[in-house]
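The next block is upload-v6.cif, given as mmCIF, C-alpha atoms.
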```cif
data_protein
#
loop_
_atom_site.group_PDB
_atom_site.id
_atom_site.type_symbol
_atom_site.label_atom_id
_atom_site.label_comp_id
_atom_site.auth_asym_id
_atom_site.auth_seq_id
_atom_site.Cartn_x
_atom_site.Cartn_y
_atom_site.Cartn_z
ATOM 1 C CA MET A 1 -39.365 17.133 14.692
ATOM 2 C CA THR A 2 -36.106 16.830 12.746
ATOM 3 C CA ARG A 3 -38.039 16.132 9.552
ATOM 4 C CA ARG A 4 -40.205 19.220 10.082
ATOM 5 C CA GLU A 5 -37.124 21.397 10.603
ATOM 6 C CA LEU A 6 -35.425 20.081 7.483
ATOM 7 C CA ASP A 7 -38.601 20.446 5.427
ATOM 8 C CA ALA A 8 -39.037 24.012 6.679
ATOM 9 C CA ALA A 9 -35.447 24.799 5.651
ATOM 10 C CA ALA A 10 -36.095 23.249 2.215
ATOM 11 C CA ILE A 11 -33.222 20.796 2.667
ATOM 12 C CA THR A 12 -34.232 17.892 0.442
ATOM 13 C CA ASP A 13 -31.049 16.004 -0.474
ATOM 14 C CA PRO A 14 -30.988 12.763 1.612
ATOM 15 C CA ALA A 15 -27.260 12.936 2.388
ATOM 16 C CA LEU A 16 -27.537 16.574 3.436
ATOM 17 C CA ARG A 17 -30.565 15.807 5.597
ATOM 18 C CA ALA A 18 -28.583 13.055 7.308
ATOM 19 C CA ALA A 19 -25.697 15.469 7.891
ATOM 20 C CA PHE A 20 -27.971 18.058 9.526
ATOM 21 C CA ASP A 21 -29.650 15.347 11.594
ATOM 22 C CA ARG A 22 -26.264 14.346 12.964
ATOM 23 C CA CYS A 23 -25.601 17.972 13.913
ATOM 24 C CA ARG A 24 -28.924 18.183 15.705
ATOM 25 C CA ARG A 25 -28.183 15.057 17.719
ATOM 26 C CA LEU A 26 -24.797 16.441 18.757
ATOM 27 C CA ASN A 27 -26.440 19.660 19.910
ATOM 28 C CA ALA A 28 -29.133 17.803 21.849
ATOM 29 C CA ARG A 29 -26.569 15.573 23.577
ATOM 30 C CA HIS A 30 -23.956 18.137 24.544
ATOM 31 C CA GLY A 31 -25.439 21.644 24.435
ATOM 32 C CA LYS A 32 -28.322 21.405 26.877
ATOM 33 C CA THR A 33 -28.848 25.144 27.444
ATOM 34 C CA TYR A 34 -28.013 25.998 23.846
ATOM 35 C CA PHE A 35 -30.287 23.289 22.455
ATOM 36 C CA LEU A 36 -33.191 24.318 24.660
ATOM 37 C CA ALA A 37 -32.913 27.912 23.447
ATOM 38 C CA THR A 38 -32.662 26.758 19.821
ATOM 39 C CA ARG A 39 -36.074 25.111 20.145
ATOM 40 C CA LEU A 40 -37.537 28.636 20.294
ATOM 41 C CA LEU A 41 -36.306 29.559 16.812
ATOM 42 C CA PRO A 42 -38.464 29.185 13.717
ATOM 43 C CA ALA A 43 -38.069 25.607 12.484
ATOM 44 C CA SER A 44 -36.451 26.732 9.235
ATOM 45 C CA ARG A 45 -33.483 28.275 11.069
ATOM 46 C CA ARG A 46 -32.752 25.497 13.537
ATOM 47 C CA PRO A 47 -30.724 23.265 11.199
ATOM 48 C CA ALA A 48 -28.222 26.054 10.580
ATOM 49 C CA VAL A 49 -27.791 26.670 14.314
ATOM 50 C CA HIS A 50 -27.324 22.944 14.911
ATOM 51 C CA ALA A 51 -24.659 22.866 12.194
ATOM 52 C CA LEU A 52 -22.722 25.795 13.677
ATOM 53 C CA TYR A 53 -22.857 24.265 17.143
ATOM 54 C CA ALA A 54 -21.838 20.823 15.902
ATOM 55 C CA PHE A 55 -18.834 22.155 14.002
ATOM 56 C CA ALA A 56 -17.620 24.049 17.077
ATOM 57 C CA ARG A 57 -18.161 20.915 19.152
ATOM 58 C CA LEU A 58 -16.283 18.767 16.648
ATOM 59 C CA ALA A 59 -13.202 20.996 16.822
ATOM 60 C CA ASP A 60 -13.447 21.384 20.589
ATOM 61 C CA ASP A 61 -13.574 17.620 21.072
ATOM 62 C CA ILE A 62 -10.394 17.192 19.055
ATOM 63 C CA VAL A 63 -8.637 19.605 21.408
ATOM 64 C CA ASP A 64 -10.222 18.681 24.743
ATOM 65 C CA ASP A 65 -11.290 15.020 24.676
ATOM 66 C CA LEU A 66 -9.709 13.455 27.754
ATOM 67 C CA THR A 67 -11.100 9.983 27.048
ATOM 68 C CA THR A 68 -8.900 9.413 23.993
ATOM 69 C CA PRO A 69 -5.136 9.518 24.561
ATOM 70 C CA ALA A 70 -3.491 11.718 21.942
ATOM 71 C CA ASP A 71 -0.387 13.858 21.886
ATOM 72 C CA PRO A 72 -0.550 17.504 20.739
ATOM 73 C CA GLY A 73 0.958 16.594 17.378
ATOM 74 C CA ASP A 74 -1.835 14.119 16.665
ATOM 75 C CA ARG A 75 -4.486 16.614 17.737
ATOM 76 C CA ALA A 76 -2.870 19.314 15.581
ATOM 77 C CA GLU A 77 -2.966 16.985 12.598
ATOM 78 C CA ARG A 78 -6.632 16.201 13.186
ATOM 79 C CA LEU A 79 -7.416 19.916 13.391
ATOM 80 C CA HIS A 80 -5.489 20.469 10.172
ATOM 81 C CA THR A 81 -7.501 17.715 8.490
ATOM 82 C CA LEU A 82 -10.738 19.305 9.720
ATOM 83 C CA SER A 83 -9.631 22.721 8.476
ATOM 84 C CA ARG A 84 -8.692 21.325 5.070
ATOM 85 C CA ASP A 85 -12.002 19.460 4.825
ATOM 86 C CA LEU A 86 -13.929 22.637 5.674
ATOM 87 C CA HIS A 87 -11.989 24.697 3.121
ATOM 88 C CA THR A 88 -12.775 22.118 0.448
ATOM 89 C CA ALA A 89 -16.468 22.053 1.291
ATOM 90 C CA ILE A 90 -16.889 25.766 1.803
ATOM 91 C CA THR A 91 -15.311 26.561 -1.585
ATOM 92 C CA GLY A 92 -17.612 24.232 -3.500
ATOM 93 C CA GLY A 93 -16.017 20.826 -3.087
ATOM 94 C CA THR A 94 -17.254 17.792 -1.188
ATOM 95 C CA GLY A 95 -16.599 17.549 2.521
ATOM 96 C CA HIS A 96 -15.743 14.193 4.021
ATOM 97 C CA HIS A 97 -17.317 14.703 7.446
ATOM 98 C CA PRO A 98 -21.106 15.133 7.607
ATOM 99 C CA VAL A 99 -20.819 18.004 10.098
ATOM 100 C CA VAL A 100 -18.493 19.793 7.686
ATOM 101 C CA THR A 101 -20.991 19.229 4.881
ATOM 102 C CA ALA A 102 -23.775 20.777 6.969
ATOM 103 C CA VAL A 103 -21.767 23.774 8.153
ATOM 104 C CA ALA A 104 -20.494 24.511 4.622
ATOM 105 C CA HIS A 105 -24.101 24.518 3.387
ATOM 106 C CA THR A 106 -25.006 26.876 6.230
ATOM 107 C CA ALA A 107 -22.085 29.221 5.496
ATOM 108 C CA HIS A 108 -23.054 29.371 1.827
ATOM 109 C CA HIS A 109 -26.751 29.942 2.379
ATOM 110 C CA TYR A 110 -26.363 32.602 5.068
ATOM 111 C CA ARG A 111 -23.255 34.179 3.518
ATOM 112 C CA ILE A 112 -21.205 33.751 6.685
ATOM 113 C CA PRO A 113 -17.692 35.123 6.055
ATOM 114 C CA HIS A 114 -15.143 32.329 5.790
ATOM 115 C CA ARG A 115 -12.719 34.252 8.001
ATOM 116 C CA HIS A 116 -14.950 33.549 11.011
ATOM 117 C CA PHE A 117 -14.253 29.841 10.641
ATOM 118 C CA ASP A 118 -10.537 30.478 10.106
ATOM 119 C CA ASP A 119 -10.394 32.595 13.265
ATOM 120 C CA PHE A 120 -12.239 29.917 15.227
ATOM 121 C CA LEU A 121 -9.822 27.186 14.141
ATOM 122 C CA THR A 122 -6.848 29.429 14.963
ATOM 123 C CA SER A 123 -8.052 29.686 18.563
ATOM 124 C CA MET A 124 -8.638 25.931 18.710
ATOM 125 C CA ARG A 125 -5.049 25.336 17.570
ATOM 126 C CA SER A 126 -3.755 27.678 20.256
ATOM 127 C CA ASP A 127 -5.353 25.442 22.894
ATOM 128 C CA LEU A 128 -2.792 22.790 21.996
ATOM 129 C CA THR A 129 0.115 24.934 23.218
ATOM 130 C CA VAL A 130 -1.208 27.864 25.278
ATOM 131 C CA THR A 131 -2.180 27.003 28.843
ATOM 132 C CA ASP A 132 -2.870 30.391 30.433
ATOM 133 C CA TYR A 133 -3.288 34.106 29.717
ATOM 134 C CA ASP A 134 -1.477 36.921 31.500
ATOM 135 C CA THR A 135 -4.074 39.636 30.904
ATOM 136 C CA LEU A 136 -7.682 40.114 29.881
ATOM 137 C CA ASP A 137 -6.510 41.590 26.580
ATOM 138 C CA ALA A 138 -4.540 38.419 25.871
ATOM 139 C CA LEU A 139 -7.549 36.285 26.767
ATOM 140 C CA ARG A 140 -9.802 38.375 24.535
ATOM 141 C CA GLY A 141 -7.446 37.706 21.649
ATOM 142 C CA TYR A 142 -8.179 34.021 22.152
ATOM 143 C CA MET A 143 -11.895 34.609 22.749
ATOM 144 C CA HIS A 144 -12.228 36.517 19.495
ATOM 145 C CA GLY A 145 -11.820 33.241 17.646
ATOM 146 C CA SER A 146 -13.326 30.887 20.185
ATOM 147 C CA ALA A 147 -16.401 32.903 21.178
ATOM 148 C CA ALA A 148 -16.903 36.292 19.523
ATOM 149 C CA VAL A 149 -16.895 34.832 16.022
ATOM 150 C CA ILE A 150 -19.557 32.314 17.111
ATOM 151 C CA GLY A 151 -21.839 35.263 17.783
ATOM 152 C CA LEU A 152 -20.890 36.736 14.410
ATOM 153 C CA GLN A 153 -21.583 33.424 12.650
ATOM 154 C CA MET A 154 -24.991 33.289 14.298
ATOM 155 C CA LEU A 155 -26.000 36.841 13.422
ATOM 156 C CA PRO A 156 -27.037 36.246 9.780
ATOM 157 C CA VAL A 157 -28.884 33.071 10.795
ATOM 158 C CA LEU A 158 -30.859 34.880 13.472
ATOM 159 C CA GLY A 159 -31.413 37.937 11.301
ATOM 160 C CA HIS A 160 -31.175 41.540 12.432
ATOM 161 C CA THR A 161 -33.238 44.694 12.063
ATOM 162 C CA ALA A 162 -30.378 47.090 12.832
ATOM 163 C CA PRO A 163 -27.473 47.489 10.399
ATOM 164 C CA ARG A 164 -25.036 44.595 10.625
ATOM 165 C CA ASP A 165 -22.163 46.843 11.741
ATOM 166 C CA GLU A 166 -24.301 48.086 14.615
ATOM 167 C CA ALA A 167 -25.515 44.661 15.732
ATOM 168 C CA ALA A 168 -22.207 42.804 15.338
ATOM 169 C CA PRO A 169 -20.353 44.157 18.422
ATOM 170 C CA HIS A 170 -23.246 43.099 20.649
ATOM 171 C CA ALA A 171 -23.327 39.625 19.078
ATOM 172 C CA ALA A 172 -19.588 39.288 19.646
ATOM 173 C CA ALA A 173 -19.930 40.450 23.277
ATOM 174 C CA LEU A 174 -22.623 37.837 23.886
ATOM 175 C CA GLY A 175 -20.318 35.100 22.640
ATOM 176 C CA GLU A 176 -17.615 36.368 25.008
ATOM 177 C CA ALA A 177 -20.080 36.561 27.912
ATOM 178 C CA PHE A 178 -21.122 32.956 27.366
ATOM 179 C CA GLN A 179 -17.529 31.770 27.192
ATOM 180 C CA LEU A 180 -16.437 33.664 30.292
ATOM 181 C CA THR A 181 -19.368 32.011 32.053
ATOM 182 C CA ASN A 182 -18.097 28.619 30.921
ATOM 183 C CA PHE A 183 -14.576 29.456 32.110
ATOM 184 C CA ILE A 184 -15.901 30.339 35.577
ATOM 185 C CA ARG A 185 -18.088 27.229 35.783
ATOM 186 C CA ASP A 186 -15.360 24.892 34.481
ATOM 187 C CA VAL A 187 -12.280 26.064 36.399
ATOM 188 C CA GLY A 188 -11.690 22.621 37.887
ATOM 189 C CA GLU A 189 -12.201 20.719 34.633
ATOM 190 C CA ASP A 190 -9.880 23.109 32.816
ATOM 191 C CA LEU A 191 -7.206 22.561 35.467
ATOM 192 C CA ASP A 192 -7.452 18.847 34.704
ATOM 193 C CA ARG A 193 -6.550 19.768 31.118
ATOM 194 C CA ASP A 194 -3.618 21.860 32.390
ATOM 195 C CA ARG A 195 -5.333 25.119 31.451
ATOM 196 C CA VAL A 196 -6.268 28.267 33.338
ATOM 197 C CA TYR A 197 -8.466 30.538 31.258
ATOM 198 C CA LEU A 198 -9.113 33.223 33.853
ATOM 199 C CA PRO A 199 -6.577 36.045 33.309
ATOM 200 C CA ALA A 200 -3.528 35.858 35.571
ATOM 201 C CA ASP A 201 -3.772 39.564 36.440
ATOM 202 C CA LEU A 202 -7.377 39.169 37.603
ATOM 203 C CA LEU A 203 -6.367 36.205 39.769
ATOM 204 C CA ALA A 204 -3.243 37.937 41.102
ATOM 205 C CA ALA A 205 -5.321 40.923 42.259
ATOM 206 C CA GLU A 206 -6.887 38.537 44.794
ATOM 207 C CA GLY A 207 -3.617 36.745 45.630
ATOM 208 C CA VAL A 208 -4.347 33.698 43.444
ATOM 209 C CA ASP A 209 -2.012 31.906 41.055
ATOM 210 C CA ARG A 210 -2.026 28.575 39.209
ATOM 211 C CA GLU A 211 -0.370 26.762 42.103
ATOM 212 C CA LEU A 212 -3.080 27.815 44.551
ATOM 213 C CA LEU A 213 -5.790 26.689 42.132
ATOM 214 C CA LEU A 214 -4.051 23.330 41.665
ATOM 215 C CA TRP A 215 -3.689 22.918 45.430
ATOM 216 C CA SER A 216 -7.371 23.639 45.927
ATOM 217 C CA ARG A 217 -8.351 21.223 43.159
ATOM 218 C CA ARG A 218 -6.059 18.491 44.469
ATOM 219 C CA THR A 219 -7.030 18.766 48.137
ATOM 220 C CA GLY A 220 -10.686 19.676 47.738
ATOM 221 C CA ARG A 221 -10.155 22.556 50.138
ATOM 222 C CA GLY A 222 -11.380 26.082 49.610
ATOM 223 C CA ASP A 223 -9.546 29.357 50.043
ATOM 224 C CA PRO A 224 -11.110 32.818 50.403
ATOM 225 C CA ARG A 225 -8.671 34.216 47.841
ATOM 226 C CA VAL A 226 -9.990 31.795 45.231
ATOM 227 C CA THR A 227 -13.565 32.651 46.184
ATOM 228 C CA ASN A 228 -12.858 36.360 45.757
ATOM 229 C CA ALA A 229 -11.143 35.809 42.404
ATOM 230 C CA LEU A 230 -14.090 33.835 41.052
ATOM 231 C CA ARG A 231 -16.468 36.501 42.330
ATOM 232 C CA ALA A 232 -14.409 39.127 40.473
ATOM 233 C CA ALA A 233 -14.454 36.982 37.323
ATOM 234 C CA ALA A 234 -18.243 36.725 37.560
ATOM 235 C CA ALA A 235 -18.494 40.511 37.829
ATOM 236 C CA LEU A 236 -16.341 40.768 34.701
ATOM 237 C CA ALA A 237 -18.593 38.340 32.838
ATOM 238 C CA ARG A 238 -21.665 40.373 33.793
ATOM 239 C CA ARG A 239 -20.078 43.434 32.201
ATOM 240 C CA PHE A 240 -19.944 41.517 28.933
ATOM 241 C CA TYR A 241 -23.618 40.579 29.324
ATOM 242 C CA ALA A 242 -24.384 44.273 29.797
ATOM 243 C CA ARG A 243 -22.554 45.097 26.562
ATOM 244 C CA ALA A 244 -24.440 42.365 24.735
ATOM 245 C CA GLU A 245 -27.954 43.122 25.985
ATOM 246 C CA PRO A 246 -28.757 46.100 23.686
ATOM 247 C CA GLY A 247 -28.213 43.782 20.744
ATOM 248 C CA LEU A 248 -31.146 41.544 21.689
ATOM 249 C CA ASN A 249 -33.639 44.060 20.333
ATOM 250 C CA MET A 250 -31.573 44.467 17.161
ATOM 251 C CA LEU A 251 -32.381 40.890 16.153
ATOM 252 C CA GLU A 252 -35.359 39.916 14.046
ATOM 253 C CA PRO A 253 -38.366 39.577 16.378
ATOM 254 C CA ARG A 254 -38.758 35.859 15.645
ATOM 255 C CA SER A 255 -35.234 35.211 16.943
ATOM 256 C CA ARG A 256 -35.388 37.306 20.084
ATOM 257 C CA PRO A 257 -37.094 34.737 22.380
ATOM 258 C CA CYS A 258 -34.394 32.180 21.559
ATOM 259 C CA VAL A 259 -31.464 34.486 22.230
ATOM 260 C CA ARG A 260 -33.057 36.056 25.290
ATOM 261 C CA THR A 261 -33.630 32.586 26.735
ATOM 262 C CA ALA A 262 -29.962 31.720 26.216
ATOM 263 C CA PHE A 263 -29.000 35.123 27.650
ATOM 264 C CA VAL A 264 -31.023 34.502 30.812
ATOM 265 C CA LEU A 265 -30.008 30.872 31.306
ATOM 266 C CA TYR A 266 -26.301 31.442 30.789
ATOM 267 C CA GLY A 267 -26.440 34.389 33.158
ATOM 268 C CA GLU A 268 -28.092 32.145 35.720
ATOM 269 C CA ILE A 269 -25.116 29.791 35.556
ATOM 270 C CA LEU A 270 -23.254 32.621 37.288
ATOM 271 C CA ASP A 271 -26.045 32.717 39.869
ATOM 272 C CA ALA A 272 -25.638 28.972 40.388
ATOM 273 C CA VAL A 273 -21.886 29.364 40.875
ATOM 274 C CA ALA A 274 -22.583 32.062 43.484
ATOM 275 C CA ARG A 275 -25.153 29.878 45.277
ATOM 276 C CA ASP A 276 -22.583 27.094 45.445
ATOM 277 C CA GLY A 277 -20.130 29.468 47.126
ATOM 278 C CA TYR A 278 -17.859 29.941 44.108
ATOM 279 C CA THR A 279 -16.591 26.374 44.452
ATOM 280 C CA SER A 280 -16.191 25.699 40.738
ATOM 281 C CA VAL A 281 -12.608 24.576 41.332
ATOM 282 C CA HIS A 282 -14.258 21.509 42.880
ATOM 283 C CA ARG A 283 -17.683 21.141 41.263
ATOM 284 C CA ARG A 284 -19.617 22.162 38.188
ATOM 285 C CA SER A 285 -22.609 24.342 39.003
ATOM 286 C CA ALA A 286 -25.800 24.042 36.957
ATOM 287 C CA VAL A 287 -29.153 25.756 36.533
ATOM 288 C CA PRO A 288 -31.879 23.381 37.770
ATOM 289 C CA LEU A 289 -33.915 21.652 35.067
ATOM 290 C CA THR A 290 -37.146 23.114 36.458
ATOM 291 C CA ARG A 291 -35.744 26.621 36.081
ATOM 292 C CA ARG A 292 -34.548 25.944 32.538
ATOM 293 C CA ALA A 293 -38.019 24.688 31.667
ATOM 294 C CA ALA A 294 -39.649 27.772 33.197
ATOM 295 C CA VAL A 295 -37.431 30.169 31.229
ATOM 296 C CA ALA A 296 -38.106 28.226 28.030
ATOM 297 C CA ALA A 297 -41.845 28.358 28.723
ATOM 298 C CA ALA A 298 -41.610 32.126 29.088
ATOM 299 C CA GLY A 299 -39.898 32.226 25.705
ATOM 300 C CA LEU A 300 -42.711 30.196 24.171
ATOM 301 C CA ALA A 301 -45.222 32.613 25.673
ATOM 302 C CA ARG A 302 -43.411 35.546 24.035
ATOM 303 C CA ILE A 303 -43.491 33.727 20.702
ATOM 304 C CA ALA A 304 -47.237 33.083 21.024
ATOM 305 C CA ALA A 305 -47.901 36.711 21.935
ATOM 306 C CA GLY A 306 -45.843 37.883 18.980
ATOM 307 C CA ARG A 307 -47.796 35.708 16.567
ATOM 308 C CA LEU A 308 -51.024 37.277 17.727
ATOM 309 C CA THR A 309 -49.807 40.805 17.036
ATOM 310 C CA ALA A 310 -47.294 40.490 14.188
ATOM 311 C CA PRO A 311 -48.162 40.967 10.515
ATOM 312 C CA ALA A 312 -47.703 38.024 8.206
ATOM 313 C CA ALA A 313 -44.027 37.232 7.669
ATOM 314 C CA PRO A 314 -42.583 37.450 4.159
ATOM 315 C CA THR A 315 -41.758 34.216 2.397
ATOM 316 C CA ALA A 316 -38.215 33.157 3.228
ATOM 317 C CA LYS A 317 -35.640 32.759 0.496
ATOM 318 C CA GLU A 318 -35.252 29.114 -0.428
ATOM 319 C CA PRO A 319 -31.924 27.759 0.812
ATOM 320 C CA VAL A 320 -29.221 26.688 -1.606
ATOM 321 C CA ARG A 321 -29.249 22.919 -1.976
#
```

Mind turning the file's structure into structure tokens?
Amino acid sequence: MTRRELDAAAITDPALRAAFDRCRRLNARHGKTYFLATRLLPASRRPAVHALYAFARLADDIVDDLTTPADPGDRAERLHTLSRDLHTAITGGTGHHPVVTAVAHTAHHYRIPHRHFDDFLTSMRSDLTVTDYDTLDALRGYMHGSAAVIGLQMLPVLGHTAPRDEAAPHAAALGEAFQLTNFIRDVGEDLDRDRVYLPADLLAAEGVDRELLLWSRRTGRGDPRVTNALRAAAALARRFYARAEPGLNMLEPRSRPCVRTAFVLYGEILDAVARDGYTSVHRRSAVPLTRRAAVAAAGLARIAAGRLTAPAAPTAKEPVR
């Protein structure tokens, strides 16, 4: 399947093919929901999505890997090296890391603004020193780089039928919705990294602070205040999904089943958290595999129906090699 995707994207250079293959394997291993949705894209567009995911994963692992002891200075230096490598590759030089090589090719072919990568790396660097956020506005400043720009990077890959300026806010909101969902699901794991991503003012409205979250994590005991705060956070995340939803129909029709599948499955993570009693301080909730498969099958059915009714697609522009 990898070979078919690379052939469809007209990626012929052996080293570049190997770089994209590495990205695909990273996506398959770590981004289960994301990877499943990507399978619904036209084969020619999947390598670019794998590259964008893999680059984000590469930076995130530098910041968050708990299996490798490293002080913040070492992690900052590794991020700086990654940033320098990307700048070299994205401006026409040769990247040293295969993921960087693949993402630079993707940025060039799809004309993704370089500032989106700069903003992303800025947010990753902030994770080395910032451990919580007082307000939603402060958190959104972080999420602009860590989540909204991911949606903006994806937009030219997915294609859009509405003007870019009209589609972009919805793409950014979807990135924020996905990340808020992750924050709610991963409260306990983030505490282990000494971070609280849910805004302090949202928590305080329910009588929750960092110390109560740490107590709950440490003792394994629940507290109704924590439950209420996570319920309020889920309601906030759903407002971001509502802002994002109009953008689904602004995408090219061939990309809509993929994004709608991700939209549904990520939203159902919130359902899973609710079913588990908002206990994500203690456990990581997940959408059952059978449900993920059913949603993906529905996406495949939409693709098949579209092929029966759509006119022949124009020939895609050959990617830059």

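Applied to this file, the PyMOL selection byres ((chain A and resi 63) around 9) selects the residues Ala59, Asp60, Asp61, Ile62, Asp64, Asp65, Leu66, Pro72, Arg75, Ala76, Leu79, Met124, Arg125, Asp127 and Leu128 of chain A.
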
*Might you spell out which residues the PyMOL selection byres ((chain A and resi 150) around 12) would select in the displayed file, as JSON, numbers by chain?*
{"A": [49, 51, 52, 53, 54, 55, 56, 57, 112, 113, 115, 116, 117, 118, 119, 120, 121, 123, 143, 144, 145, 146, 147, 148, 149, 151, 152, 153, 154, 155, 156, 157, 168, 169, 170, 171, 172, 173, 174, 175, 176, 177, 178, 179]}

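Our summary of the geometry notes that CA of Arg25 (chain A) is positioned 11.0 Å from CA of Val99 (chain A).
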
*Measure the distance from CA of Pro288 (chain A) to CA of Cys23 (chain A) in Å and round it to one decimal.*
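Going from CA of Pro288 (chain A) over to CA of Cys23 (chain A) covers 25.3 Å.
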
_Under the PyMOL selection byres ((chain A and resi 180) around 12), which residues of this model are included? Write them out as a VMD selection string._
chain A and resid 136 139 to 140 142 to 144 146 to 148 173 to 179 181 to 187 196 to 199 230 232 to 241 266 to 267 269 to 270

*Kindly give the distance, in Å, that separates CA of Asp134 (chain A) and CA of Gly220 (chain A), rounded to a single decimal.*
25.4 Å

Could you add N, CA, C and O atoms to region 142-155 of chain A and give me the result as a CSV table (one decimal), keeping the file's coordinate frame?
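Produced file rebuild23.csv, reproduced below:
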```
chain,number,residue,atom,x,y,z
A,142,TYR,N,-7.7,35.4,22.3
A,142,TYR,CA,-8.2,34.0,22.2
A,142,TYR,C,-9.7,34.0,22.0
A,142,TYR,O,-10.2,33.3,21.1
A,143,MET,N,-10.4,34.7,22.8
A,143,MET,CA,-11.9,34.6,22.7
A,143,MET,C,-12.5,35.2,21.5
A,143,MET,O,-13.6,34.8,21.1
A,144,HIS,N,-11.7,36.0,20.8
A,144,HIS,CA,-12.2,36.5,19.5
A,144,HIS,C,-12.5,35.3,18.6
A,144,HIS,O,-13.6,35.3,18.0
A,145,GLY,N,-11.6,34.4,18.5
A,145,GLY,CA,-11.8,33.2,17.6
A,145,GLY,C,-12.7,32.2,18.3
A,145,GLY,O,-13.4,31.5,17.5
A,146,SER,N,-12.6,32.0,19.6
A,146,SER,CA,-13.3,30.9,20.2
A,146,SER,C,-14.7,31.2,20.6
A,146,SER,O,-15.6,30.3,20.8
A,147,ALA,N,-15.1,32.5,20.7
A,147,ALA,CA,-16.4,32.9,21.2
A,147,ALA,C,-17.0,34.0,20.4
A,147,ALA,O,-18.2,33.9,20.0
A,148,ALA,N,-16.3,35.1,20.2
A,148,ALA,CA,-16.9,36.3,19.5
A,148,ALA,C,-17.3,35.9,18.1
A,148,ALA,O,-18.4,36.3,17.7
A,149,VAL,N,-16.5,35.2,17.4
A,149,VAL,CA,-16.9,34.8,16.0
A,149,VAL,C,-18.1,33.9,16.0
A,149,VAL,O,-18.8,33.8,15.0
A,150,ILE,N,-18.3,33.1,17.1
A,150,ILE,CA,-19.6,32.3,17.1
A,150,ILE,C,-20.8,33.2,17.1
A,150,ILE,O,-21.8,33.0,16.4
A,151,GLY,N,-20.7,34.3,17.8
A,151,GLY,CA,-21.8,35.3,17.8
A,151,GLY,C,-22.0,35.9,16.4
A,151,GLY,O,-23.1,36.1,15.9
A,152,LEU,N,-20.9,36.1,15.7
A,152,LEU,CA,-20.9,36.7,14.4
A,152,LEU,C,-21.4,35.7,13.4
A,152,LEU,O,-22.1,36.1,12.4
A,153,GLN,N,-21.0,34.5,13.5
A,153,GLN,CA,-21.6,33.4,12.6
A,153,GLN,C,-23.1,33.3,12.8
A,153,GLN,O,-23.8,33.1,11.8
A,154,MET,N,-23.6,33.5,14.0
A,154,MET,CA,-25.0,33.3,14.3
A,154,MET,C,-25.8,34.5,13.8
A,154,MET,O,-27.0,34.3,13.5
A,155,LEU,N,-25.2,35.6,13.7
A,155,LEU,CA,-26.0,36.8,13.4
A,155,LEU,C,-26.8,36.8,12.1
A,155,LEU,O,-28.0,37.1,12.1
```
